[in-house]
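Note sheet for the following structure.
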Amino acid sequence: MLCQECGQRPATLHFTKYVNGEKTELHICEACAREKGELIPGSSSGFSIHNLLSGLMDFDPVGLSGAKAQAQTLRCEGCGMTYGQFSKLGRFGCARCYKQFAERLDPLLKRVHGNTVHVGKVPKRAGGLVRLRREIDGLKREMQSRIEGEDFESAADLRDRIRELEREVQNG
Amino acid sequence: MGNRKYTAEALSPWMKGEAPDRDVVLSSRVRIARNLRHLPFPMMASAAQSVEAMERLLQVGESGRLSGLGEVSSVRLTELSELEKQVLVEKHLISPALANHAQHGALMLGPGEDISLMVNEEDHLRIQCLHAGFQLKETWDTASKIDDIFEEAVDYAFDEKHGFLTSCPTNVGTGIRASVMMHLPALVMTGQINRILSAVTQVGLAVRGVYGEGSEATGNLFQVSNQITLGQSESEIIDHLHAVARQIIEHEKAARARLMSDSRLKVEDRVKRSFGILSYAAMIDAKEASQRLSDLRLGVHLGLLPEVDEGMLNELLVSIQPGFLQQAYGEALDSDQRDMTRAQMISSRLATHA
């Protein structure tokens with residue numbers, strides 16, 4: 001079979017797409033597939049980050065394999081996604097999944113990020129006190145690195161700012 | 001999307017003009033992933049919920065809150081043809097995922113095309129900012145301001161421990177992905193690239209080719225980005241990427257200087273041969289075109305091709321992509337026609353500018 005696009009090279013890639021029950025077939029050569037690039041799902045990369053994640057999630061610590069089967073059927077009350085689906089797709093269905101699957105989440109986040117706790121930006125409206133505490137923590141880290149860099153003057157400025165914020169937290 | 005200027009021109013306004021470290025860094029990008037608190041993420045949302053998310057986010061754009069950014073145009077993806085979507089992907093204004101898979105996807109674009117807000121991609125909202133050259137901090141500042149504006153108007157999915165919640169666990173926490181697109185021909189030519197790139201991946205950053213397939217880079221263009229989004233603050237992430245990118249820039253510049261002192265004639269020969277081929281070829285495939293345009297870009301920065309304008313090279317980078325060629329040609333092209341149109345496009349641009 002010749003490539004549908006160029007009509008010259010043999011078609012080596014065959015795609016079947018179903019959209020709303022309608023079937024379309026595509027037979028093309030690799031050169032044309034590369035030209036079309038991202039238009040054809042699956043042609044650009046056979047292995048996505050989500051495949052990798054599901055691999056990480058299947059890796060269970062010894063002794064938990066009994067609990068694993070049980071966990072597969074754990075279902076998020078928010079969106080109805082099961083843990084089994086999550087570990088296959090590598091993606092959460094809604095914000096509540098993070099709470100529902102919390103127990104099994106930390107080892108995964110640790111593997112991906114090396115961390116399990118957020119230290120960055122906090123939304124202003126939802127944040128409130130959390131935001132202040134985060135800012136203080138950030139300033140403390142900054143102060144430490146200034147001290148290590150022997151930049152004592154600016155470290156002192158940071159110390160004053162930290163005290164100010166701590167007073168704000170105490171006053172609610 | 002009014003006058004269609006977003007798909008008509010290959011070169012976005014933000015790419016024009018002077019920018020810091022432009023000879024190595026083409027662009028800096030920051031993307032922020034956010035979701036609405038009370039709706040399932042796009043993958044699990046019903047059609048009605050997707051519409052609701054879209055309307056709520058588009059409303060913020062239309063409410064005038066973003067007016068500080070100039071006139072923001074919004075469009076629903078269903079209003080665009082397949083070709084228009086592909087062109088927007090080639091200009092890096094939308095992601096392939098938004099173009100091909102989004103249910104009730106929408107896009108808001110700033111007038112300079114430096115700001116692109118994607119709705120119902122993998123997450124409800126993806127804020128993307130682009131700056132020319134090496135301007136990571138400025139890019140983050142712009143993106144963060146837009147994030148603040150949305151946060152005033154909608155409730156984000158956020159929890160104290162995990163930060164901003166995203167569909168994919170690789171984005172959770174800050175939800176930011178910062179990247180720089182770098183042109184590294186001298187590191188490739190001198191065989192240092194693999195050593196440098198593997199060092200980069202060891203410090204928690206990712207590298208990929210820009211227009212190439214998988215990790216292979218065509219045209220010596222590499223995108224370096226952060227991988228970790230949880231447990232580091234945004235400024236730590238930006239500073240880290242900035243510091244590593246700065247080192248890569250210095251290595252590239254040193255390698256270029258060495259090429260000029262040790263093998264100037266060979267480099268000049270290579271650059272000028274590529275200029276000759278691009279000026280006179282009757283057909284050229286995308287891979288060869290990218291490689292030879294990379295030679296020209298290097299030649300411009302080494303002062304070997306005073307007649308060639310860098311802005312034109314940036315424009316060609318986008319306009320030789322399949323979607324743009326088809327748009328310029330006016331109808332669907334087979335592979336030979338594409339190679340022919342590409343060759344004509346390049347040679348005519350070189351002739352008018354040289």
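Ordered as shown in the structure tokens, chains take letters A, B, and onward, while each chain numbers its residues from 1 and ligands are numbered from 1 in the order shown.
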
- Counting only C-alpha atoms, chain A residues within 6 Å of chain B, as JSON, numbers by chain: {"A": [5, 6, 91, 92, 93, 94, 113, 115, 117, 118, 119, 120]}

Please produce a file of the residues just selected, as an mmCIF file, in the first residue's frame, where the atoms kept are N, CA and C atoms.
```cif
data_model
loop_
_atom_site.group_PDB
_atom_site.id
_atom_site.type_symbol
_atom_site.label_atom_id
_atom_site.label_comp_id
_atom_site.auth_asym_id
_atom_site.auth_seq_id
_atom_site.Cartn_x
_atom_site.Cartn_y
_atom_site.Cartn_z
ATOM 1 N N GLU A 5 -0.610 10.329 1.549
ATOM 2 C CA GLU A 5 -0.202 11.725 1.434
ATOM 3 C C GLU A 5 0.638 11.974 0.191
ATOM 4 N N CYS A 6 1.764 11.236 0.075
ATOM 5 C CA CYS A 6 2.695 11.525 -1.018
ATOM 6 C C CYS A 6 2.479 10.587 -2.195
ATOM 7 N N ARG A 91 -3.292 10.868 35.908
ATOM 8 C CA ARG A 91 -3.865 12.196 36.113
ATOM 9 C C ARG A 91 -5.050 12.141 37.063
ATOM 10 N N PHE A 92 -5.176 13.204 37.855
ATOM 11 C CA PHE A 92 -6.295 13.297 38.778
ATOM 12 C C PHE A 92 -7.535 13.800 38.055
ATOM 13 N N GLY A 93 -8.715 13.443 38.621
ATOM 14 C CA GLY A 93 -9.954 13.881 38.003
ATOM 15 C C GLY A 93 -10.466 15.196 38.555
ATOM 16 N N CYS A 94 -10.165 15.496 39.820
ATOM 17 C CA CYS A 94 -10.654 16.740 40.418
ATOM 18 C C CYS A 94 -9.822 17.064 41.652
ATOM 19 N N HIS A 113 8.953 14.795 42.698
ATOM 20 C CA HIS A 113 9.458 16.133 43.028
ATOM 21 C C HIS A 113 10.546 16.130 44.099
ATOM 22 N N ASN A 115 9.816 16.097 47.052
ATOM 23 C CA ASN A 115 9.162 16.831 48.136
ATOM 24 C C ASN A 115 7.684 16.459 48.179
ATOM 25 N N VAL A 117 5.513 18.825 50.140
ATOM 26 C CA VAL A 117 4.800 20.004 50.665
ATOM 27 C C VAL A 117 5.110 21.259 49.845
ATOM 28 N N HIS A 118 4.033 21.981 49.512
ATOM 29 C CA HIS A 118 4.140 23.205 48.734
ATOM 30 C C HIS A 118 4.762 24.331 49.556
ATOM 31 N N VAL A 119 5.693 25.082 48.951
ATOM 32 C CA VAL A 119 6.238 26.239 49.662
ATOM 33 C C VAL A 119 6.082 27.540 48.868
ATOM 34 N N GLY A 120 5.428 27.480 47.736
ATOM 35 C CA GLY A 120 5.370 28.666 46.866
ATOM 36 C C GLY A 120 4.197 29.581 47.164
#
```

Within 12 Å of segment 153-169 of chain A, counting only C-alpha atoms, which residues qualify if same-chain residues fewer than 6 places away don't, as an mmCIF file with C-alpha atoms, in the first residue's frame?
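Final output, saved to part-v3.cif:
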```cif
data_model
loop_
_atom_site.group_PDB
_atom_site.id
_atom_site.type_symbol
_atom_site.label_atom_id
_atom_site.label_comp_id
_atom_site.auth_asym_id
_atom_site.auth_seq_id
_atom_site.Cartn_x
_atom_site.Cartn_y
_atom_site.Cartn_z
ATOM 1 C CA GLY A 128 -4.927 34.445 54.818
ATOM 2 C CA LEU A 129 -2.670 33.359 57.653
ATOM 3 C CA VAL A 130 -1.127 30.562 55.613
ATOM 4 C CA ARG A 131 0.178 33.199 53.294
ATOM 5 C CA LEU A 132 1.879 35.128 56.085
ATOM 6 C CA ARG A 133 3.436 32.006 57.573
ATOM 7 C CA ARG A 134 4.726 30.990 54.161
ATOM 8 C CA GLU A 135 6.195 34.415 53.616
ATOM 9 C CA ILE A 136 7.957 34.238 56.977
ATOM 10 C CA ASP A 137 9.399 30.802 56.139
ATOM 11 C CA GLY A 138 10.616 32.097 52.799
ATOM 12 C CA LEU A 139 12.259 35.141 54.417
ATOM 13 C CA LYS A 140 13.915 32.923 57.017
ATOM 14 C CA ARG A 141 15.446 30.741 54.307
ATOM 15 C CA GLU A 142 16.582 33.852 52.477
ATOM 16 C CA MET A 143 18.076 35.272 55.681
ATOM 17 C CA GLN A 144 19.981 32.026 56.295
ATOM 18 C CA SER A 145 21.525 32.121 52.829
ATOM 19 C CA ARG A 146 22.485 35.807 53.292
ATOM 20 C CA ILE A 147 24.179 34.893 56.569
#
```

So that I can see what lies close to Ser28 of chain B, please list as an mmCIF file with all heavy atoms, in the first residue's frame the residues with an atom at most 12 Å from it, counting only C-alpha atoms and leaving out residues fewer than 5 positions away in the same chain.
```cif
data_model
loop_
_atom_site.group_PDB
_atom_site.id
_atom_site.type_symbol
_atom_site.label_atom_id
_atom_site.label_comp_id
_atom_site.auth_asym_id
_atom_site.auth_seq_id
_atom_site.Cartn_x
_atom_site.Cartn_y
_atom_site.Cartn_z
ATOM 1 N N TRP B 14 5.959 40.050 19.881
ATOM 2 C CA TRP B 14 6.903 40.005 21.004
ATOM 3 C C TRP B 14 8.288 39.528 20.590
ATOM 4 O O TRP B 14 9.265 39.761 21.294
ATOM 5 C CB TRP B 14 6.368 39.137 22.142
ATOM 6 C CG TRP B 14 6.163 37.685 21.775
ATOM 7 C CD1 TRP B 14 5.020 37.117 21.298
ATOM 8 C CD2 TRP B 14 7.126 36.641 21.833
ATOM 9 N NE1 TRP B 14 5.210 35.791 21.052
ATOM 10 C CE2 TRP B 14 6.494 35.463 21.375
ATOM 11 C CE3 TRP B 14 8.464 36.566 22.230
ATOM 12 C CZ2 TRP B 14 7.157 34.237 21.301
ATOM 13 C CZ3 TRP B 14 9.122 35.340 22.147
ATOM 14 C CH2 TRP B 14 8.467 34.195 21.686
ATOM 15 N N MET B 15 8.377 38.825 19.444
ATOM 16 C CA MET B 15 9.675 38.312 19.002
ATOM 17 C C MET B 15 10.531 39.393 18.350
ATOM 18 O O MET B 15 11.711 39.201 18.112
ATOM 19 C CB MET B 15 9.480 37.164 17.994
ATOM 20 C CG MET B 15 9.353 35.784 18.607
ATOM 21 S SD MET B 15 10.847 35.239 19.494
ATOM 22 C CE MET B 15 11.866 34.641 18.133
ATOM 23 N N ALA B 19 16.667 42.144 22.470
ATOM 24 C CA ALA B 19 16.407 41.421 23.712
ATOM 25 C C ALA B 19 17.726 40.893 24.262
ATOM 26 O O ALA B 19 18.645 40.631 23.505
ATOM 27 C CB ALA B 19 15.440 40.269 23.467
ATOM 28 N N PRO B 20 17.799 40.740 25.594
ATOM 29 C CA PRO B 20 19.060 40.295 26.197
ATOM 30 C C PRO B 20 19.462 38.876 25.780
ATOM 31 O O PRO B 20 18.605 37.999 25.702
ATOM 32 C CB PRO B 20 18.768 40.344 27.712
ATOM 33 C CG PRO B 20 17.337 40.642 27.879
ATOM 34 C CD PRO B 20 16.765 41.065 26.589
ATOM 35 N N ASP B 21 20.736 38.680 25.514
ATOM 36 C CA ASP B 21 21.300 37.376 25.145
ATOM 37 C C ASP B 21 20.583 36.707 23.984
ATOM 38 O O ASP B 21 20.476 35.491 23.901
ATOM 39 C CB ASP B 21 21.332 36.432 26.361
ATOM 40 C CG ASP B 21 22.253 36.932 27.435
ATOM 41 O OD1 ASP B 21 23.463 36.990 27.190
ATOM 42 O OD2 ASP B 21 21.761 37.308 28.517
ATOM 43 N N ARG B 22 20.111 37.527 23.106
ATOM 44 C CA ARG B 22 19.363 37.081 21.954
ATOM 45 C C ARG B 22 20.175 36.147 21.042
ATOM 46 O O ARG B 22 19.626 35.342 20.307
ATOM 47 C CB ARG B 22 19.001 38.342 21.149
ATOM 48 C CG ARG B 22 18.107 38.107 20.000
ATOM 49 C CD ARG B 22 16.771 38.559 20.428
ATOM 50 N NE ARG B 22 15.772 37.867 19.685
ATOM 51 C CZ ARG B 22 14.661 38.440 19.279
ATOM 52 N NH1 ARG B 22 14.441 39.701 19.542
ATOM 53 N NH2 ARG B 22 13.761 37.742 18.642
ATOM 54 N N HIS B 92 3.608 28.428 18.759
ATOM 55 C CA HIS B 92 3.704 28.161 20.198
ATOM 56 C C HIS B 92 2.684 28.958 21.006
ATOM 57 O O HIS B 92 2.878 29.207 22.189
ATOM 58 C CB HIS B 92 5.115 28.452 20.729
ATOM 59 C CG HIS B 92 6.166 27.564 20.148
ATOM 60 N ND1 HIS B 92 6.232 26.218 20.422
ATOM 61 C CD2 HIS B 92 7.164 27.811 19.285
ATOM 62 C CE1 HIS B 92 7.243 25.686 19.764
ATOM 63 N NE2 HIS B 92 7.823 26.637 19.056
ATOM 64 N N ASP B 114 2.241 37.852 23.366
ATOM 65 C CA ASP B 114 3.164 37.432 24.418
ATOM 66 C C ASP B 114 2.405 36.777 25.571
ATOM 67 O O ASP B 114 3.002 36.180 26.445
ATOM 68 C CB ASP B 114 3.966 38.634 24.940
ATOM 69 C CG ASP B 114 3.064 39.801 25.327
ATOM 70 O OD1 ASP B 114 1.901 39.859 24.855
ATOM 71 O OD2 ASP B 114 3.509 40.648 26.110
ATOM 72 N N GLN B 128 0.102 31.398 29.846
ATOM 73 C CA GLN B 128 1.421 31.301 29.229
ATOM 74 C C GLN B 128 1.941 32.681 28.842
ATOM 75 O O GLN B 128 1.226 33.459 28.210
ATOM 76 C CB GLN B 128 1.356 30.428 27.976
ATOM 77 C CG GLN B 128 2.699 30.355 27.254
ATOM 78 C CD GLN B 128 2.644 29.563 25.961
ATOM 79 O OE1 GLN B 128 2.799 28.370 25.970
ATOM 80 N NE2 GLN B 128 2.415 30.247 24.856
ATOM 81 N N CYS B 129 3.164 32.995 29.255
ATOM 82 C CA CYS B 129 3.773 34.264 28.857
ATOM 83 C C CYS B 129 5.086 33.990 28.154
ATOM 84 O O CYS B 129 5.844 33.111 28.559
ATOM 85 C CB CYS B 129 4.041 35.132 30.074
ATOM 86 S SG CYS B 129 2.530 35.730 30.786
ATOM 87 N N LEU B 130 5.332 34.749 27.118
ATOM 88 C CA LEU B 130 6.552 34.603 26.328
ATOM 89 C C LEU B 130 7.258 35.941 26.236
ATOM 90 O O LEU B 130 6.616 36.974 26.072
ATOM 91 C CB LEU B 130 6.185 34.145 24.907
ATOM 92 C CG LEU B 130 5.584 32.759 24.756
ATOM 93 C CD1 LEU B 130 4.632 32.722 23.573
ATOM 94 C CD2 LEU B 130 6.676 31.723 24.566
ATOM 95 N N HIS B 131 8.571 35.929 26.384
ATOM 96 C CA HIS B 131 9.372 37.125 26.169
ATOM 97 C C HIS B 131 10.508 36.755 25.231
ATOM 98 O O HIS B 131 10.987 35.629 25.251
ATOM 99 C CB HIS B 131 9.976 37.634 27.482
ATOM 100 C CG HIS B 131 9.057 38.507 28.286
ATOM 101 N ND1 HIS B 131 7.719 38.243 28.444
ATOM 102 C CD2 HIS B 131 9.294 39.640 28.980
ATOM 103 C CE1 HIS B 131 7.184 39.184 29.204
ATOM 104 N NE2 HIS B 131 8.115 40.048 29.542
ATOM 105 N N ALA B 132 10.964 37.720 24.436
ATOM 106 C CA ALA B 132 12.103 37.463 23.562
ATOM 107 C C ALA B 132 13.383 37.426 24.393
ATOM 108 O O ALA B 132 13.494 38.098 25.419
ATOM 109 C CB ALA B 132 12.199 38.549 22.504
ATOM 110 N N GLY B 133 14.353 36.617 23.943
ATOM 111 C CA GLY B 133 15.649 36.581 24.613
ATOM 112 C C GLY B 133 15.570 35.988 26.012
ATOM 113 O O GLY B 133 14.618 35.283 26.353
ATOM 114 N N PHE B 134 16.587 36.290 26.797
ATOM 115 C CA PHE B 134 16.728 35.697 28.121
ATOM 116 C C PHE B 134 16.130 36.626 29.165
ATOM 117 O O PHE B 134 16.788 37.516 29.678
ATOM 118 C CB PHE B 134 18.219 35.476 28.381
ATOM 119 C CG PHE B 134 18.527 34.617 29.578
ATOM 120 C CD1 PHE B 134 17.723 33.545 29.930
ATOM 121 C CD2 PHE B 134 19.652 34.868 30.355
ATOM 122 C CE1 PHE B 134 18.022 32.740 31.021
ATOM 123 C CE2 PHE B 134 19.967 34.079 31.452
ATOM 124 C CZ PHE B 134 19.146 33.011 31.783
ATOM 125 N N GLN B 135 14.850 36.456 29.463
ATOM 126 C CA GLN B 135 14.152 37.346 30.396
ATOM 127 C C GLN B 135 13.217 36.544 31.284
ATOM 128 O O GLN B 135 12.027 36.836 31.387
ATOM 129 C CB GLN B 135 13.326 38.389 29.635
ATOM 130 C CG GLN B 135 14.093 39.234 28.652
ATOM 131 C CD GLN B 135 13.260 40.422 28.192
ATOM 132 O OE1 GLN B 135 12.965 41.323 28.957
ATOM 133 N NE2 GLN B 135 12.860 40.420 26.933
ATOM 134 N N LEU B 136 13.751 35.520 31.921
ATOM 135 C CA LEU B 136 12.908 34.623 32.712
ATOM 136 C C LEU B 136 12.166 35.346 33.836
ATOM 137 O O LEU B 136 10.983 35.112 34.053
ATOM 138 C CB LEU B 136 13.771 33.543 33.338
ATOM 139 C CG LEU B 136 13.934 32.252 32.550
ATOM 140 C CD1 LEU B 136 14.851 31.318 33.315
ATOM 141 C CD2 LEU B 136 12.590 31.590 32.312
ATOM 142 N N LYS B 137 12.875 36.200 34.554
ATOM 143 C CA LYS B 137 12.243 36.847 35.712
ATOM 144 C C LYS B 137 11.113 37.762 35.281
ATOM 145 O O LYS B 137 10.041 37.772 35.884
ATOM 146 C CB LYS B 137 13.288 37.623 36.513
ATOM 147 C CG LYS B 137 14.172 36.670 37.296
ATOM 148 C CD LYS B 137 15.354 37.331 37.954
ATOM 149 C CE LYS B 137 16.316 36.226 38.382
ATOM 150 N NZ LYS B 137 17.552 36.709 38.966
ATOM 151 N N GLU B 138 11.358 38.524 34.213
ATOM 152 C CA GLU B 138 10.322 39.421 33.701
ATOM 153 C C GLU B 138 9.116 38.603 33.236
ATOM 154 O O GLU B 138 7.965 38.987 33.452
ATOM 155 C CB GLU B 138 10.860 40.239 32.521
ATOM 156 C CG GLU B 138 11.959 41.230 32.885
ATOM 157 C CD GLU B 138 13.340 40.588 33.081
ATOM 158 O OE1 GLU B 138 13.470 39.343 32.921
ATOM 159 O OE2 GLU B 138 14.304 41.324 33.380
ATOM 160 N N THR B 139 9.398 37.461 32.594
ATOM 161 C CA THR B 139 8.318 36.619 32.101
ATOM 162 C C THR B 139 7.486 36.079 33.264
ATOM 163 O O THR B 139 6.255 36.086 33.224
ATOM 164 C CB THR B 139 8.898 35.448 31.277
ATOM 165 O OG1 THR B 139 9.863 35.957 30.361
ATOM 166 C CG2 THR B 139 7.818 34.738 30.506
ATOM 167 N N TRP B 140 8.169 35.651 34.315
ATOM 168 C CA TRP B 140 7.458 35.167 35.505
ATOM 169 C C TRP B 140 6.624 36.275 36.128
ATOM 170 O O TRP B 140 5.471 36.071 36.510
ATOM 171 C CB TRP B 140 8.430 34.562 36.518
ATOM 172 C CG TRP B 140 7.886 34.556 37.914
ATOM 173 C CD1 TRP B 140 8.351 35.248 38.977
ATOM 174 C CD2 TRP B 140 6.740 33.821 38.395
ATOM 175 N NE1 TRP B 140 7.583 35.009 40.089
ATOM 176 C CE2 TRP B 140 6.583 34.137 39.759
ATOM 177 C CE3 TRP B 140 5.826 32.948 37.802
ATOM 178 C CZ2 TRP B 140 5.557 33.611 40.544
ATOM 179 C CZ3 TRP B 140 4.796 32.426 38.581
ATOM 180 C CH2 TRP B 140 4.667 32.747 39.929
ATOM 181 N N THR B 142 5.207 38.853 34.733
ATOM 182 C CA THR B 142 3.998 39.074 33.936
ATOM 183 C C THR B 142 2.977 37.968 34.196
ATOM 184 O O THR B 142 1.802 38.230 34.437
ATOM 185 C CB THR B 142 4.333 39.075 32.426
ATOM 186 O OG1 THR B 142 5.473 39.897 32.218
ATOM 187 C CG2 THR B 142 3.178 39.580 31.608
ATOM 188 N N ALA B 143 3.452 36.720 34.158
ATOM 189 C CA ALA B 143 2.539 35.587 34.339
ATOM 190 C C ALA B 143 1.906 35.641 35.725
ATOM 191 O O ALA B 143 0.709 35.403 35.891
ATOM 192 C CB ALA B 143 3.287 34.273 34.135
ATOM 193 N N ARG B 177 5.779 25.974 34.894
ATOM 194 C CA ARG B 177 6.809 25.370 34.061
ATOM 195 C C ARG B 177 7.480 26.540 33.356
ATOM 196 O O ARG B 177 6.850 27.254 32.580
ATOM 197 C CB ARG B 177 6.175 24.415 33.047
ATOM 198 C CG ARG B 177 7.163 23.609 32.243
ATOM 199 C CD ARG B 177 7.676 22.356 32.961
ATOM 200 N NE ARG B 177 6.632 21.390 33.209
ATOM 201 C CZ ARG B 177 6.544 20.662 34.332
ATOM 202 N NH1 ARG B 177 7.422 20.803 35.296
ATOM 203 N NH2 ARG B 177 5.555 19.811 34.496
ATOM 204 N N ALA B 178 8.746 26.766 33.692
ATOM 205 C CA ALA B 178 9.486 27.854 33.069
ATOM 206 C C ALA B 178 10.473 27.238 32.087
ATOM 207 O O ALA B 178 11.021 26.169 32.354
ATOM 208 C CB ALA B 178 10.236 28.651 34.133
ATOM 209 N N SER B 179 10.676 27.889 30.956
ATOM 210 C CA SER B 179 11.626 27.321 30.003
ATOM 211 C C SER B 179 12.311 28.399 29.179
ATOM 212 O O SER B 179 11.799 29.506 29.027
ATOM 213 C CB SER B 179 10.923 26.327 29.074
ATOM 214 O OG SER B 179 9.956 26.975 28.298
ATOM 215 N N VAL B 180 13.491 28.044 28.679
ATOM 216 C CA VAL B 180 14.190 28.918 27.746
ATOM 217 C C VAL B 180 14.483 28.124 26.480
ATOM 218 O O VAL B 180 14.848 26.949 26.547
ATOM 219 C CB VAL B 180 15.527 29.455 28.315
ATOM 220 C CG1 VAL B 180 15.275 30.627 29.238
ATOM 221 C CG2 VAL B 180 16.297 28.384 29.047
ATOM 222 N N MET B 181 14.263 28.766 25.333
ATOM 223 C CA MET B 181 14.576 28.110 24.065
ATOM 224 C C MET B 181 15.952 28.600 23.614
ATOM 225 O O MET B 181 16.150 29.795 23.407
ATOM 226 C CB MET B 181 13.532 28.447 23.009
ATOM 227 C CG MET B 181 13.570 27.467 21.839
ATOM 228 S SD MET B 181 12.944 28.181 20.309
ATOM 229 C CE MET B 181 11.202 28.131 20.597
ATOM 230 N N MET B 182 16.886 27.649 23.504
ATOM 231 C CA MET B 182 18.262 28.045 23.244
ATOM 232 C C MET B 182 18.771 27.498 21.914
ATOM 233 O O MET B 182 18.457 26.376 21.532
ATOM 234 C CB MET B 182 19.177 27.524 24.362
ATOM 235 C CG MET B 182 18.671 27.816 25.757
ATOM 236 S SD MET B 182 19.807 27.191 27.017
ATOM 237 C CE MET B 182 20.728 28.678 27.337
ATOM 238 N N PHE B 222 17.157 23.887 21.574
ATOM 239 C CA PHE B 222 16.873 23.089 22.752
ATOM 240 C C PHE B 222 16.029 23.888 23.720
ATOM 241 O O PHE B 222 16.241 25.082 23.900
ATOM 242 C CB PHE B 222 18.174 22.694 23.463
ATOM 243 C CG PHE B 222 19.078 21.841 22.614
ATOM 244 C CD1 PHE B 222 19.978 22.422 21.741
ATOM 245 C CD2 PHE B 222 18.989 20.453 22.685
ATOM 246 C CE1 PHE B 222 20.792 21.634 20.944
ATOM 247 C CE2 PHE B 222 19.814 19.664 21.892
ATOM 248 C CZ PHE B 222 20.721 20.255 21.012
ATOM 249 N N GLN B 223 15.089 23.191 24.346
ATOM 250 C CA GLN B 223 14.296 23.857 25.367
ATOM 251 C C GLN B 223 14.659 23.293 26.731
ATOM 252 O O GLN B 223 14.568 22.091 26.949
ATOM 253 C CB GLN B 223 12.816 23.652 25.080
ATOM 254 C CG GLN B 223 11.931 24.374 26.058
ATOM 255 C CD GLN B 223 10.492 24.330 25.613
ATOM 256 O OE1 GLN B 223 10.105 24.960 24.657
ATOM 257 N NE2 GLN B 223 9.699 23.541 26.308
ATOM 258 N N VAL B 224 15.103 24.140 27.621
ATOM 259 C CA VAL B 224 15.475 23.712 28.968
ATOM 260 C C VAL B 224 14.401 24.204 29.929
ATOM 261 O O VAL B 224 14.037 25.388 29.904
ATOM 262 C CB VAL B 224 16.845 24.309 29.374
ATOM 263 C CG1 VAL B 224 17.257 23.811 30.751
ATOM 264 C CG2 VAL B 224 17.910 23.942 28.353
ATOM 265 N N SER B 225 13.875 23.303 30.757
ATOM 266 C CA SER B 225 12.789 23.708 31.650
ATOM 267 C C SER B 225 12.913 23.058 33.019
ATOM 268 O O SER B 225 13.637 22.080 33.185
ATOM 269 C CB SER B 225 11.435 23.333 31.027
ATOM 270 O OG SER B 225 11.349 21.937 30.865
ATOM 271 N N ILE B 238 12.651 29.692 39.324
ATOM 272 C CA ILE B 238 13.106 30.612 38.281
ATOM 273 C C ILE B 238 14.611 30.879 38.420
ATOM 274 O O ILE B 238 15.356 30.828 37.434
ATOM 275 C CB ILE B 238 12.327 31.949 38.353
ATOM 276 C CG1 ILE B 238 10.832 31.717 38.131
ATOM 277 C CG2 ILE B 238 12.885 32.975 37.360
ATOM 278 C CD1 ILE B 238 10.411 31.421 36.739
ATOM 279 N N LEU B 241 16.699 27.790 37.298
ATOM 280 C CA LEU B 241 16.744 27.660 35.837
ATOM 281 C C LEU B 241 17.597 28.776 35.231
ATOM 282 O O LEU B 241 18.384 28.557 34.303
ATOM 283 C CB LEU B 241 15.319 27.698 35.269
ATOM 284 C CG LEU B 241 15.186 27.646 33.745
ATOM 285 C CD1 LEU B 241 15.774 26.356 33.187
ATOM 286 C CD2 LEU B 241 13.723 27.761 33.319
ATOM 287 N N HIS B 242 17.440 29.984 35.785
ATOM 288 C CA HIS B 242 18.185 31.128 35.293
ATOM 289 C C HIS B 242 19.689 30.890 35.415
ATOM 290 O O HIS B 242 20.457 31.118 34.479
ATOM 291 C CB HIS B 242 17.782 32.382 36.083
ATOM 292 C CG HIS B 242 18.323 33.658 35.538
ATOM 293 N ND1 HIS B 242 19.585 34.116 35.838
ATOM 294 C CD2 HIS B 242 17.799 34.561 34.679
ATOM 295 C CE1 HIS B 242 19.804 35.242 35.192
ATOM 296 N NE2 HIS B 242 18.733 35.542 34.483
ATOM 297 N N ALA B 245 20.815 28.114 32.962
ATOM 298 C CA ALA B 245 20.770 28.610 31.578
ATOM 299 C C ALA B 245 21.913 29.592 31.330
ATOM 300 O O ALA B 245 22.539 29.584 30.266
ATOM 301 C CB ALA B 245 19.419 29.270 31.290
#
```

- Task: Just list the residues in segment 178-222 of chain B DSSP gives alpha helix (DSSP H) on the backbone, as a ChimeraX atom specification.
- Result: /B:185-189,193-202

- Please identify all polymer residues within 8 Å of Val75 of chain B, counting only C-alpha atoms, omitting same-chain residues fewer than 2 positions from it, and present them as a PyMOL selection string. chain B and resi 1+73+77+79+106-108

Convert the current residue selection to file output with C-alpha atoms, as an mmCIF file, in the first residue's frame.
```cif
data_model
loop_
_atom_site.group_PDB
_atom_site.id
_atom_site.type_symbol
_atom_site.label_atom_id
_atom_site.label_comp_id
_atom_site.auth_asym_id
_atom_site.auth_seq_id
_atom_site.Cartn_x
_atom_site.Cartn_y
_atom_site.Cartn_z
ATOM 1 C CA MET B 1 -10.410 36.614 16.627
ATOM 2 C CA SER B 73 -9.041 38.675 22.050
ATOM 3 C CA LEU B 77 -11.597 26.549 19.590
ATOM 4 C CA GLU B 79 -14.567 28.715 15.766
ATOM 5 C CA ALA B 106 -10.917 28.399 24.387
ATOM 6 C CA LEU B 107 -8.096 30.845 24.017
ATOM 7 C CA MET B 108 -7.456 34.412 25.119
#
```

- Message: Need to verify the contact set: segment 183-189 of chain B, 10 Å, only C-alpha atoms, exclusion of same-chain residues closer than 2 positions in sequence. Can you return it as a PyMOL selection string?
- Response: chain B and resi 22-27+180-181+191-196+210+219-223+248-249+251-259+267+291+294-295+297-298

- Query: What does the distance between atom CA of Ser67 of chain B and atom CA of Leu98 of chain B come to in Å, to one decimal place?
  - Reply: 24.5 Å

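Counting only C-alpha atoms, the residue from B:Gly70, B:Ser116, B:Leu350, B:Arg56 that sits nearest to Tyr280 of chain B is B:Leu350.
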
- Message: Could you pull out the strand (DSSP E or B) residues of segment 167-340 of chain B, going by DSSP on the backbone, and write them as a ChimeraX atom specification?
- Response: /B:173,176-183,205-209,221-226
